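Here is the file protein_2.cif (mmCIF, C-alpha atoms and all ligand atoms).
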```cif
data_model
#
loop_
_atom_site.label_atom_id
_atom_site.label_comp_id
_atom_site.auth_asym_id
_atom_site.auth_seq_id
_atom_site.Cartn_x
_atom_site.Cartn_y
_atom_site.Cartn_z
CA MET A 1 -10.57 -29.25 25.83
CA THR A 2 -13.34 -28.84 23.30
CA THR A 3 -14.68 -25.41 22.39
CA ALA A 4 -17.85 -24.37 24.10
CA THR A 5 -20.72 -22.13 23.24
CA PRO A 6 -21.34 -19.43 25.84
CA THR A 7 -24.38 -21.14 27.18
CA THR A 8 -24.44 -22.65 30.59
CA ALA A 9 -27.45 -24.81 31.27
CA PRO A 10 -26.20 -28.42 31.48
CA SER A 11 -29.54 -29.50 30.05
CA SER A 12 -32.68 -27.71 28.93
CA ASP A 13 -35.08 -25.75 31.07
CA THR A 14 -38.76 -26.59 30.96
CA THR A 15 -41.24 -24.00 29.76
CA THR A 16 -44.81 -24.62 30.84
CA GLY A 17 -47.16 -21.97 29.47
CA ALA A 18 -46.10 -18.71 31.08
CA VAL A 19 -44.19 -20.43 33.86
CA ARG A 20 -40.49 -20.87 33.23
CA THR A 21 -38.89 -23.43 35.53
CA HIS A 22 -35.84 -25.59 36.02
CA GLY A 23 -36.90 -29.16 35.25
CA ASN A 24 -34.91 -30.88 37.98
CA PHE A 25 -31.91 -30.71 40.32
CA ILE A 26 -29.40 -30.97 37.48
CA ASP A 27 -30.99 -28.09 35.56
CA ALA A 28 -30.69 -25.89 38.66
CA ILE A 29 -26.88 -26.21 38.65
CA GLY A 30 -25.01 -23.17 37.32
CA ASN A 31 -26.12 -19.77 36.04
CA THR A 32 -25.20 -18.28 39.41
CA PRO A 33 -25.20 -14.48 39.69
CA LEU A 34 -22.14 -12.21 39.83
CA ILE A 35 -22.27 -10.09 42.97
CA ARG A 36 -20.38 -6.83 43.54
CA MET A 37 -18.24 -6.94 46.67
CA ASN A 38 -18.89 -3.36 47.73
CA ALA A 39 -16.27 -2.57 50.39
CA LEU A 40 -13.46 -4.25 48.47
CA SER A 41 -14.48 -2.58 45.20
CA ASP A 42 -14.76 0.86 46.79
CA ALA A 43 -11.42 0.48 48.58
CA THR A 44 -9.51 -0.56 45.45
CA GLY A 45 -11.28 1.38 42.69
CA CYS A 46 -11.84 -1.87 40.83
CA GLU A 47 -15.04 -3.85 40.34
CA ILE A 48 -14.45 -6.92 42.50
CA LEU A 49 -17.19 -9.39 41.59
CA GLY A 50 -17.94 -12.70 43.29
CA LYS A 51 -19.60 -15.53 41.40
CA ALA A 52 -22.20 -16.85 43.82
CA GLU A 53 -21.44 -20.54 43.64
CA PHE A 54 -22.99 -21.03 47.09
CA MET A 55 -26.33 -20.58 45.25
CA ASN A 56 -25.95 -23.89 43.42
CA PRO A 57 -28.61 -26.37 44.63
CA GLY A 58 -26.09 -28.44 46.64
CA GLY A 59 -24.62 -25.25 48.07
CA SER A 60 -21.15 -25.04 46.53
CA VAL A 61 -18.86 -24.62 43.53
CA LYS A 62 -18.50 -28.41 43.42
CA ASP A 63 -22.02 -29.16 42.14
CA ARG A 64 -20.85 -28.45 38.61
CA ALA A 65 -17.92 -30.88 38.80
CA ALA A 66 -20.10 -33.53 40.47
CA TRP A 67 -22.60 -33.48 37.62
CA TRP A 68 -20.03 -33.31 34.83
CA MET A 69 -18.10 -36.28 36.28
CA ILE A 70 -21.23 -38.41 36.71
CA ARG A 71 -22.45 -37.46 33.24
CA ASP A 72 -19.06 -38.46 31.82
CA HIS A 73 -19.29 -41.90 33.48
CA GLU A 74 -22.89 -42.29 32.23
CA GLN A 75 -21.99 -41.33 28.67
CA ALA A 76 -19.06 -43.78 28.66
CA GLY A 77 -21.46 -46.57 29.73
CA ARG A 78 -19.65 -47.19 33.03
CA LEU A 79 -22.61 -46.16 35.20
CA LYS A 80 -26.15 -47.50 34.79
CA PRO A 81 -29.33 -47.25 36.94
CA GLY A 82 -28.73 -48.62 40.43
CA GLY A 83 -24.95 -48.18 40.12
CA THR A 84 -22.60 -46.76 42.74
CA VAL A 85 -20.44 -43.62 42.74
CA VAL A 86 -17.44 -43.69 45.09
CA GLU A 87 -15.29 -40.67 45.94
CA GLY A 88 -12.55 -39.53 48.24
CA THR A 89 -13.47 -36.02 49.29
CA ALA A 90 -13.03 -33.56 52.09
CA GLY A 91 -16.56 -32.32 51.69
CA ASN A 92 -18.21 -30.28 49.00
CA THR A 93 -17.60 -32.69 46.14
CA GLY A 94 -19.12 -35.46 48.23
CA ILE A 95 -22.12 -33.28 49.01
CA GLY A 96 -22.57 -32.44 45.31
CA LEU A 97 -22.19 -36.10 44.34
CA ALA A 98 -24.66 -37.25 47.02
CA HIS A 99 -27.29 -34.83 45.67
CA VAL A 100 -26.69 -35.80 42.03
CA CYS A 101 -26.68 -39.53 42.92
CA ASN A 102 -30.10 -39.17 44.56
CA ALA A 103 -31.38 -37.21 41.56
CA ARG A 104 -30.09 -39.85 39.09
CA GLY A 105 -30.76 -43.05 41.09
CA TYR A 106 -27.25 -44.06 42.23
CA LYS A 107 -25.75 -45.08 45.56
CA CYS A 108 -23.02 -42.79 46.89
CA VAL A 109 -20.03 -43.91 48.99
CA ILE A 110 -17.67 -41.28 50.41
CA PHE A 111 -14.21 -41.68 51.98
CA MET A 112 -13.02 -38.64 53.91
CA PRO A 113 -10.05 -37.84 56.17
CA ASP A 114 -10.72 -37.50 59.90
CA ASN A 115 -9.50 -33.87 60.09
CA GLN A 116 -12.64 -32.38 58.52
CA SER A 117 -15.49 -30.54 60.22
CA PRO A 118 -18.20 -32.82 61.68
CA GLU A 119 -20.87 -30.74 59.90
CA LYS A 120 -19.80 -32.20 56.58
CA VAL A 121 -20.08 -35.82 57.77
CA GLN A 122 -23.58 -35.10 59.10
CA ILE A 123 -24.72 -33.49 55.85
CA LEU A 124 -23.43 -36.41 53.79
CA GLN A 125 -25.20 -38.93 56.04
CA THR A 126 -28.41 -36.92 55.91
CA LEU A 127 -28.22 -36.98 52.13
CA GLY A 128 -28.02 -40.78 52.28
CA ALA A 129 -24.35 -41.31 51.43
CA GLU A 130 -22.38 -44.14 53.04
CA VAL A 131 -19.51 -42.28 54.77
CA HIS A 132 -16.15 -43.80 55.74
CA VAL A 133 -14.07 -41.44 57.91
CA VAL A 134 -10.47 -42.69 57.67
CA PRO A 135 -7.18 -41.63 59.34
CA THR A 136 -5.50 -38.58 57.77
CA VAL A 137 -2.33 -39.80 56.03
CA PRO A 138 -0.29 -38.31 53.14
CA TYR A 139 -1.17 -38.95 49.51
CA SER A 140 1.87 -41.25 49.17
CA ASN A 141 0.37 -43.65 51.76
CA PRO A 142 -1.84 -46.43 50.27
CA MET A 143 -4.35 -45.76 53.08
CA ASN A 144 -4.86 -42.16 51.91
CA TYR A 145 -8.61 -41.47 51.55
CA GLN A 146 -8.41 -40.93 47.77
CA LYS A 147 -6.61 -44.22 47.20
CA GLN A 148 -9.05 -46.09 49.45
CA ALA A 149 -11.91 -44.68 47.36
CA GLY A 150 -10.32 -45.89 44.12
CA ARG A 151 -9.83 -49.42 45.48
CA HIS A 152 -13.36 -49.54 46.89
CA ALA A 153 -14.89 -48.61 43.51
CA GLU A 154 -12.85 -51.35 41.86
CA SER A 155 -14.05 -53.91 44.43
CA LEU A 156 -17.70 -53.02 43.60
CA SER A 157 -17.32 -52.93 39.82
CA GLY A 158 -19.19 -56.23 39.29
CA ASN A 159 -22.28 -54.84 41.10
CA GLN A 160 -25.53 -54.13 39.29
CA GLY A 161 -25.31 -50.82 37.44
CA GLY A 162 -21.55 -50.73 37.84
CA ALA A 163 -19.40 -48.73 40.24
CA VAL A 164 -17.18 -45.79 39.40
CA TRP A 165 -14.58 -43.69 41.16
CA ALA A 166 -15.47 -40.07 40.46
CA ASN A 167 -11.78 -39.16 40.98
CA GLN A 168 -12.21 -35.36 41.13
CA PHE A 169 -8.48 -34.65 41.35
CA ASP A 170 -7.44 -36.37 38.12
CA ASN A 171 -10.71 -36.74 36.20
CA THR A 172 -10.65 -33.80 33.79
CA ALA A 173 -14.45 -33.84 33.40
CA ASN A 174 -14.09 -31.67 36.53
CA ARG A 175 -12.27 -28.81 34.81
CA LEU A 176 -14.38 -29.30 31.69
CA ALA A 177 -17.41 -28.35 33.83
CA HIS A 178 -15.84 -24.95 34.43
CA PHE A 179 -14.64 -24.59 30.84
CA GLU A 180 -18.15 -25.26 29.57
CA SER A 181 -20.19 -23.43 32.22
CA THR A 182 -18.43 -21.20 34.79
CA GLY A 183 -16.13 -19.53 32.24
CA PRO A 184 -18.84 -18.82 29.63
CA GLU A 185 -21.16 -17.44 32.33
CA ILE A 186 -18.49 -15.00 33.58
CA TRP A 187 -17.68 -13.92 30.02
CA ARG A 188 -21.39 -13.38 29.26
CA ASP A 189 -22.23 -11.57 32.51
CA THR A 190 -19.24 -9.18 32.30
CA ASN A 191 -19.85 -8.54 28.58
CA GLY A 192 -16.29 -9.70 28.04
CA ARG A 193 -14.94 -6.96 30.32
CA VAL A 194 -13.23 -9.24 32.83
CA ASP A 195 -9.55 -8.33 33.39
CA ALA A 196 -8.60 -10.97 35.96
CA PHE A 197 -9.95 -14.20 37.39
CA VAL A 198 -8.82 -15.22 40.87
CA ALA A 199 -9.41 -18.58 42.57
CA ALA A 200 -7.85 -20.92 45.09
CA THR A 201 -7.31 -24.52 44.04
CA GLY A 202 -8.28 -27.79 45.64
CA THR A 203 -8.42 -30.03 42.62
CA GLY A 204 -7.66 -27.03 40.40
CA GLY A 205 -10.75 -27.66 38.28
CA THR A 206 -12.29 -24.23 38.88
CA LEU A 207 -9.11 -22.24 38.19
CA ALA A 208 -7.89 -24.30 35.22
CA GLY A 209 -11.25 -24.73 33.46
CA THR A 210 -12.55 -21.19 33.96
CA GLY A 211 -9.12 -19.74 33.21
CA ALA A 212 -8.79 -21.73 29.97
CA PHE A 213 -12.18 -20.52 28.75
CA LEU A 214 -11.51 -16.86 29.58
CA LYS A 215 -8.05 -17.01 27.92
CA SER A 216 -9.66 -18.57 24.82
CA GLN A 217 -11.82 -15.44 24.55
CA ASN A 218 -9.11 -12.93 25.50
CA PRO A 219 -5.52 -14.08 26.13
CA ASP A 220 -4.88 -10.92 28.19
CA VAL A 221 -7.23 -11.96 31.00
CA GLN A 222 -4.98 -12.50 34.02
CA ILE A 223 -5.45 -15.87 35.73
CA VAL A 224 -4.46 -15.69 39.38
CA CYS A 225 -4.08 -18.56 41.84
CA ALA A 226 -4.90 -17.82 45.49
CA ASP A 227 -3.22 -20.18 47.91
CA PRO A 228 -3.39 -20.62 51.70
CA TYR A 229 -0.23 -21.35 53.69
CA GLY A 230 0.56 -25.06 54.16
CA SER A 231 0.14 -25.75 50.42
CA ALA A 232 2.57 -26.27 47.53
CA ILE A 233 0.64 -24.54 44.76
CA TYR A 234 2.04 -21.03 45.34
CA ASN A 235 5.58 -22.40 44.99
CA TYR A 236 4.55 -24.50 41.98
CA VAL A 237 3.25 -21.40 40.14
CA THR A 238 6.14 -19.14 41.10
CA THR A 239 9.10 -21.58 40.97
CA GLY A 240 7.85 -24.78 39.29
CA GLU A 241 8.69 -26.79 42.46
CA THR A 242 5.98 -28.42 44.57
CA THR A 243 7.61 -27.61 47.90
CA MET A 244 5.17 -26.94 50.73
CA THR A 245 4.95 -23.52 52.36
CA PRO A 246 4.77 -23.55 56.17
CA GLY A 247 1.25 -24.06 57.55
CA PRO A 248 -1.09 -24.99 58.95
CA SER A 249 -4.19 -23.23 57.68
CA ILE A 250 -7.75 -23.52 58.99
CA THR A 251 -9.09 -23.43 55.43
CA GLU A 252 -10.80 -26.54 54.08
CA GLY A 253 -11.10 -27.78 50.51
CA ILE A 254 -8.17 -25.76 49.14
CA GLY A 255 -4.41 -26.06 48.93
CA ASN A 256 -2.61 -29.14 47.65
CA SER A 257 0.72 -30.91 47.83
CA ARG A 258 0.73 -32.02 44.21
CA VAL A 259 -0.20 -30.91 40.70
CA THR A 260 -3.38 -32.78 39.77
CA ASP A 261 -4.31 -33.70 36.19
CA ASN A 262 -6.94 -30.96 36.41
CA LEU A 263 -4.31 -28.32 37.23
CA GLN A 264 -1.66 -29.71 34.87
CA GLY A 265 -0.92 -27.32 32.00
CA ALA A 266 -3.17 -24.54 33.33
CA ALA A 267 -2.14 -21.07 32.16
CA ILE A 268 -1.64 -19.21 35.46
CA ASP A 269 -0.14 -15.72 35.33
CA HIS A 270 0.38 -15.07 38.99
CA ALA A 271 -0.07 -16.54 42.48
CA VAL A 272 -0.98 -14.84 45.75
CA GLN A 273 -0.48 -16.33 49.21
CA VAL A 274 -3.07 -15.40 51.80
CA HIS A 275 -2.60 -15.76 55.53
CA ASP A 276 -5.46 -17.10 57.67
CA SER A 277 -5.32 -13.95 59.84
CA ASP A 278 -6.29 -11.75 56.85
CA MET A 279 -8.92 -14.24 55.65
CA VAL A 280 -10.61 -14.39 59.08
CA LYS A 281 -10.77 -10.58 59.40
CA LEU A 282 -12.25 -10.24 55.92
CA VAL A 283 -15.00 -12.86 56.31
CA TYR A 284 -16.08 -11.29 59.62
CA GLN A 285 -16.01 -7.80 58.12
CA LEU A 286 -18.20 -8.99 55.24
CA LEU A 287 -20.55 -10.64 57.72
CA ARG A 288 -20.89 -7.60 60.00
CA GLU A 289 -20.95 -4.87 57.37
CA GLU A 290 -22.47 -6.41 54.24
CA GLY A 291 -24.46 -9.40 55.51
CA TRP A 292 -22.42 -12.15 53.82
CA PHE A 293 -21.76 -15.49 55.54
CA PHE A 294 -18.91 -17.10 53.65
CA GLY A 295 -16.64 -20.12 54.11
CA SER A 296 -12.88 -19.85 54.45
CA SER A 297 -11.94 -20.53 50.82
CA THR A 298 -14.14 -17.61 49.78
CA GLY A 299 -12.22 -15.43 52.24
CA ILE A 300 -8.91 -16.54 50.70
CA ASN A 301 -10.28 -15.81 47.21
CA LEU A 302 -11.49 -12.33 48.10
CA CYS A 303 -8.26 -11.36 49.92
CA ALA A 304 -6.35 -12.41 46.80
CA ALA A 305 -8.82 -10.58 44.52
CA ALA A 306 -8.24 -7.37 46.50
CA GLU A 307 -4.47 -7.90 46.24
CA GLN A 308 -4.79 -8.39 42.47
CA ALA A 309 -6.89 -5.20 42.24
CA ARG A 310 -4.13 -3.27 44.03
CA ARG A 311 -1.53 -4.76 41.66
CA MET A 312 -3.50 -3.82 38.53
CA GLY A 313 -4.65 -0.41 39.75
CA PRO A 314 -8.11 1.20 39.64
CA GLY A 315 -10.57 0.64 36.80
CA HIS A 316 -10.26 -3.13 36.37
CA VAL A 317 -12.86 -5.88 36.64
CA ILE A 318 -11.71 -8.72 38.88
CA VAL A 319 -13.86 -11.84 39.20
CA SER A 320 -13.54 -14.46 41.93
CA ILE A 321 -15.54 -17.36 43.35
CA LEU A 322 -17.88 -17.34 46.37
CA CYS A 323 -17.39 -21.07 46.95
CA ASP A 324 -19.78 -21.89 49.80
CA THR A 325 -21.43 -20.37 52.89
CA GLY A 326 -20.19 -20.39 56.45
CA ALA A 327 -22.78 -22.93 57.64
CA LYS A 328 -20.38 -25.87 57.34
CA TYR A 329 -17.75 -24.08 59.43
CA GLN A 330 -19.70 -23.32 62.62
CA SER A 331 -17.28 -25.44 64.66
CA SER A 332 -14.16 -23.82 63.20
CA LEU A 333 -14.16 -20.47 61.40
CA TYR A 334 -17.29 -19.33 63.29
CA ASN A 335 -16.28 -20.71 66.70
CA ALA A 336 -14.65 -18.13 69.02
CA GLU A 337 -12.81 -20.77 71.06
CA PHE A 338 -11.39 -22.44 67.94
CA LEU A 339 -10.10 -19.10 66.67
CA ALA A 340 -8.65 -18.06 70.06
CA GLU A 341 -6.66 -21.33 70.32
CA ARG A 342 -5.00 -20.37 67.03
CA ASN A 343 -4.48 -16.70 67.89
CA LEU A 344 -6.84 -15.61 65.13
CA VAL A 345 -8.84 -12.42 65.69
CA THR A 346 -11.94 -11.26 63.88
CA ARG A 347 -11.16 -7.55 63.64
N1 LIG B 401 -13.63 -24.04 48.09
C1 LIG B 401 -14.23 -25.08 48.68
C2 LIG B 401 -15.04 -24.83 49.92
C3 LIG B 401 -14.09 -26.37 48.13
O1 LIG B 401 -14.71 -27.41 48.72
C4 LIG B 401 -13.30 -26.55 46.98
C5 LIG B 401 -13.14 -27.92 46.39
N2 LIG B 401 -12.36 -28.79 47.15
C6 LIG B 401 -12.66 -25.44 46.42
C7 LIG B 401 -12.86 -24.19 46.99
C8 LIG B 401 -11.71 -25.54 45.25
O2 LIG B 401 -12.29 -25.95 44.06
P1 LIG B 401 -11.50 -26.84 42.99
O3 LIG B 401 -11.52 -28.26 43.48
O4 LIG B 401 -12.26 -26.67 41.73
O5 LIG B 401 -10.10 -26.35 42.89
#
```
Starting from the coordinates I provided, produce the structure as structure tokens.
Ligand code: PMP
Amino acid sequence: MTTATPTTAPSSDTTTGAVRTHGNFIDAIGNTPLIRMNALSDATGCEILGKAEFMNPGGSVKDRAAWWMIRDHEQAGRLKPGGTVVEGTAGNTGIGLAHVCNARGYKCVIFMPDNQSPEKVQILQTLGAEVHVVPTVPYSNPMNYQKQAGRHAESLSGNQGGAVWANQFDNTANRLAHFESTGPEIWRDTNGRVDAFVAATGTGGTLAGTGAFLKSQNPDVQIVCADPYGSAIYNYVTTGETTMTPGPSITEGIGNSRVTDNLQGAAIDHAVQVHDSDMVKLVYQLLREEGWFFGSSTGINLCAAAEQARRMGPGHVIVSILCDTGAKYQSSLYNAEFLAERNLVTR
């Protein structure tokens, strides 16, 4: 990875007289605030801070990766006006890509597995993406949604403007986004006082890229992977083997059965496994008592951040990611019947 200056705006802001604005959708990505998680901080004696990635213009942590991947394809000359971006995604990356495609004049085609919440399909269609919902099969199967996306991009490559596979799992422009923006923003906003960074991995881009930047500034910053059950990443970090832990989990967008190119080589000090039952109680507590409406991966992150705070002891600054809001999970995490069927309780 190249070294980065601690500046975050992907491109310049526009200053018009006294009015300072973001010039467009792309300029509005990043520079999200750090928010103190009050109950968790007070309970642990640490400052547990959440980086409000749900405040990105497409609503999630994946807007950064979407723009960096598209920019990479543009800069390499593979994508020109009128071209097509294809991706296999369970949700937020597709949403980020669909926004950026509209902002840059590209078509967007998304392949997603059929075990995802219907809200995400609807959002993608509303944004104008062509959505293919395909049967959920393992990564080793050629009909896996990611592999179908790769083949589809190849079949369109002769089209006007070209066609590219964003390939979030193995395209390292994804983690570069976090090395060049998320990490520098956290370093700047904590005045270099961050002691640990905690995040769950889907592609691993957030954890690997942010972690690499923070370690480049201070090698003592602890990089902690949060993992739901039904994923192999906890075992990978603790034993080096990608054996799956027993699931399932109701979380979406996190956990993996393999080590992606984005995660490969990441310096991770520690891993924490979080059970859905703890995640559900925490997101409901934050909703009732502090007004937050978070998705499930944010709940996993904050449970693991609290665990890390207890491990380190009082007086430390622990930063994690507030990935997205609960709006996309009305039919699952915020559906009483759905939770009851899985014996999950909210307090
Ligand atoms: N939370 C949510 C809701 C996500 O959609 C994702 C991305 N799949 C992540 C967390 C994990 O981010 P990353 O891909 O950078 O590991």
As a PyMOL selection string, please: every protein or nucleic acid residue near ligand LIG 401 (chain B) (cut-off 9 Å, counting all atoms listed in the file). chain A and resi 60-62+65+89-93+168-169+174-175+178+199-209+251-255+262-263+295-298+301+321-325
Kindly provide, as a list in words, the polymer residues lying within 12 Å of (-19.7, -44.0, 57.2), counting all atoms listed in the file and using the coordinates exactly as they appear in the file.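 Returned residue set, sorted by chain then number, is Cys108, Val109, Ile110, Phe111, Met112, Pro113, Asp114, Lys120, Val121, Gln122, Ile123, Leu124, Gln125, Thr126, Gly128, Ala129, Glu130, Val131, His132, Val133 and Val134 of chain A.
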Contacts of Thr238 of chain A at 10 Å (all atoms listed in the file; same-chain gap of 4+ positions) as a short mmCIF file (atom, residue, chain, number, x, y, z; two decimals) with C-alpha atoms, in the frame of the given file:
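Here's the written file result-v4.cif:
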```cif
data_model
loop_
_atom_site.label_atom_id
_atom_site.label_comp_id
_atom_site.auth_asym_id
_atom_site.auth_seq_id
_atom_site.Cartn_x
_atom_site.Cartn_y
_atom_site.Cartn_z
CA ILE A 233 0.64 -24.54 44.76
CA TYR A 234 2.04 -21.03 45.34
CA THR A 242 5.98 -28.42 44.57
CA ILE A 268 -1.64 -19.21 35.46
CA ASP A 269 -0.14 -15.72 35.33
CA HIS A 270 0.38 -15.07 38.99
CA ALA A 271 -0.07 -16.54 42.48
CA VAL A 272 -0.98 -14.84 45.75
#
```
State, in Å with one decimal place, the distance from atom CA of Ala103 of chain A to atom CA of Ile70 of chain A. 11.3 Å
Quick one: contact table of segment 178-206 of chain A to segment 25-37 of chain A, 9 Å max, nearest atom pair and distance in Å to one decimal per residue, counting only C-alpha atoms, chain and number order, as CSV?
```
residue,atom,partner,partner_atom,distance
A:Ser181,CA,A:Gly30,CA,7.0
A:Thr182,CA,A:Gly30,CA,7.3
A:Glu185,CA,A:Asn31,CA,6.6
A:Ile186,CA,A:Leu34,CA,7.8
A:Asp189,CA,A:Leu34,CA,7.3
A:Thr190,CA,A:Leu34,CA,8.6
```
Determine, counting all atoms listed in the file, every residue of protein, DNA or RNA that lies within 12 Å of (-9.7, 1.3, 46.2) in the file coordinates, then give the result as a ChimeraX atom specification. /A:37-48,306-316
Given all atoms listed in the file as the basis, pick out the residue of A:Lys107, A:Arg288, A:Arg71, A:Lys215 nearest to Ala267 of chain A. A:Lys215
Between atom CA of Gly88 of chain A and atom CA of Lys328 of chain A, what is the distance, to one decimal in Å?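 These two atoms are separated by 18.2 Å.
You will find atom CA of Tyr329 of chain A at 17.5 Å from atom CA of Leu302 of chain A.
Of the residues under consideration (A:Asn24, A:Gln75, A:Thr260, A:Asn141), A:Thr260 shows the shortest atom-to-atom contact distance to Asn167 of chain A when counting only C-alpha atoms.
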Which residues come within 7 Å of Phe213 of chain A, counting only C-alpha atoms, excluding same-chain residues fewer than 5 positions away, as a PDB file with C-alpha atoms, in the coordinates of the input?
```
ATOM      1  CA  PHE A 179     -14.640 -24.590  30.840  1.00  0.00           C
ATOM      2  CA  GLY A 183     -16.130 -19.530  32.240  1.00  0.00           C
ATOM      3  CA  PRO A 184     -18.840 -18.820  29.630  1.00  0.00           C
TER       4      PRO A 184
END
```
Within 12 Å of Gly192 of chain A using all atoms listed in the file, minus same-chain residues under 4 positions, as a PyMOL selection string: chain A and resi 6+183-188+196+213-221+317-319
Leaving out Asp278 of chain A and any residue of its chain fewer than 4 positions from it, which residues lie within 8 Å of it when counting only C-alpha atoms, given as a ChimeraX atom specification? /A:274,282,303
Could I get segment 16-29 of chain A from the block written as an mmCIF file, in the first residue's frame, with N, CA, C and O atoms?
```
data_model
loop_
_atom_site.group_PDB
_atom_site.id
_atom_site.type_symbol
_atom_site.label_atom_id
_atom_site.label_comp_id
_atom_site.auth_asym_id
_atom_site.auth_seq_id
_atom_site.Cartn_x
_atom_site.Cartn_y
_atom_site.Cartn_z
ATOM 1 N N THR A 16 -17.675 28.500 -2.491
ATOM 2 C CA THR A 16 -18.352 29.518 -3.275
ATOM 3 C C THR A 16 -18.614 30.701 -2.365
ATOM 4 O O THR A 16 -19.535 30.678 -1.577
ATOM 5 N N GLY A 17 -17.784 31.764 -2.460
ATOM 6 C CA GLY A 17 -17.927 32.880 -1.553
ATOM 7 C C GLY A 17 -17.833 32.369 -0.129
ATOM 8 O O GLY A 17 -16.925 31.645 0.232
ATOM 9 N N ALA A 18 -18.831 32.706 0.693
ATOM 10 C CA ALA A 18 -18.803 32.297 2.093
ATOM 11 C C ALA A 18 -19.379 30.903 2.291
ATOM 12 O O ALA A 18 -19.362 30.371 3.376
ATOM 13 N N VAL A 19 -19.930 30.340 1.226
ATOM 14 C CA VAL A 19 -20.635 29.059 1.378
ATOM 15 C C VAL A 19 -19.703 27.911 1.029
ATOM 16 O O VAL A 19 -19.229 27.811 -0.093
ATOM 17 N N ARG A 20 -19.456 27.054 2.018
ATOM 18 C CA ARG A 20 -18.579 25.917 1.769
ATOM 19 C C ARG A 20 -19.453 24.679 1.559
ATOM 20 O O ARG A 20 -20.283 24.350 2.406
ATOM 21 N N THR A 21 -19.269 24.018 0.429
ATOM 22 C CA THR A 21 -20.139 22.893 0.095
ATOM 23 C C THR A 21 -19.331 21.693 -0.354
ATOM 24 O O THR A 21 -18.147 21.805 -0.650
ATOM 25 N N HIS A 22 -19.992 20.536 -0.406
ATOM 26 C CA HIS A 22 -19.443 19.399 -1.128
ATOM 27 C C HIS A 22 -19.910 19.555 -2.571
ATOM 28 O O HIS A 22 -21.079 19.842 -2.824
ATOM 29 N N GLY A 23 -19.013 19.331 -3.534
ATOM 30 C CA GLY A 23 -19.350 19.581 -4.927
ATOM 31 C C GLY A 23 -20.282 18.553 -5.533
ATOM 32 O O GLY A 23 -20.994 18.845 -6.486
ATOM 33 N N ASN A 24 -20.291 17.351 -5.028
ATOM 34 C CA ASN A 24 -21.110 16.294 -5.632
ATOM 35 C C ASN A 24 -21.168 15.090 -4.690
ATOM 36 O O ASN A 24 -20.624 15.121 -3.587
ATOM 37 N N PHE A 25 -21.831 14.030 -5.155
ATOM 38 C CA PHE A 25 -22.008 12.818 -4.337
ATOM 39 C C PHE A 25 -20.666 12.272 -3.863
ATOM 40 O O PHE A 25 -20.498 11.936 -2.678
ATOM 41 N N ILE A 26 -19.710 12.207 -4.767
ATOM 42 C CA ILE A 26 -18.402 11.619 -4.432
ATOM 43 C C ILE A 26 -17.738 12.421 -3.306
ATOM 44 O O ILE A 26 -17.167 11.846 -2.374
ATOM 45 N N ASP A 27 -17.808 13.740 -3.398
ATOM 46 C CA ASP A 27 -17.168 14.581 -2.382
ATOM 47 C C ASP A 27 -17.809 14.422 -1.007
ATOM 48 O O ASP A 27 -17.202 14.754 0.021
ATOM 49 N N ALA A 28 -19.057 13.950 -0.989
ATOM 50 C CA ALA A 28 -19.757 13.796 0.295
ATOM 51 C C ALA A 28 -19.410 12.473 0.984
ATOM 52 O O ALA A 28 -19.867 12.207 2.097
ATOM 53 N N ILE A 29 -18.609 11.631 0.315
ATOM 54 C CA ILE A 29 -18.210 10.356 0.933
ATOM 55 C C ILE A 29 -17.065 10.620 1.919
ATOM 56 O O ILE A 29 -16.115 11.328 1.612
#
```
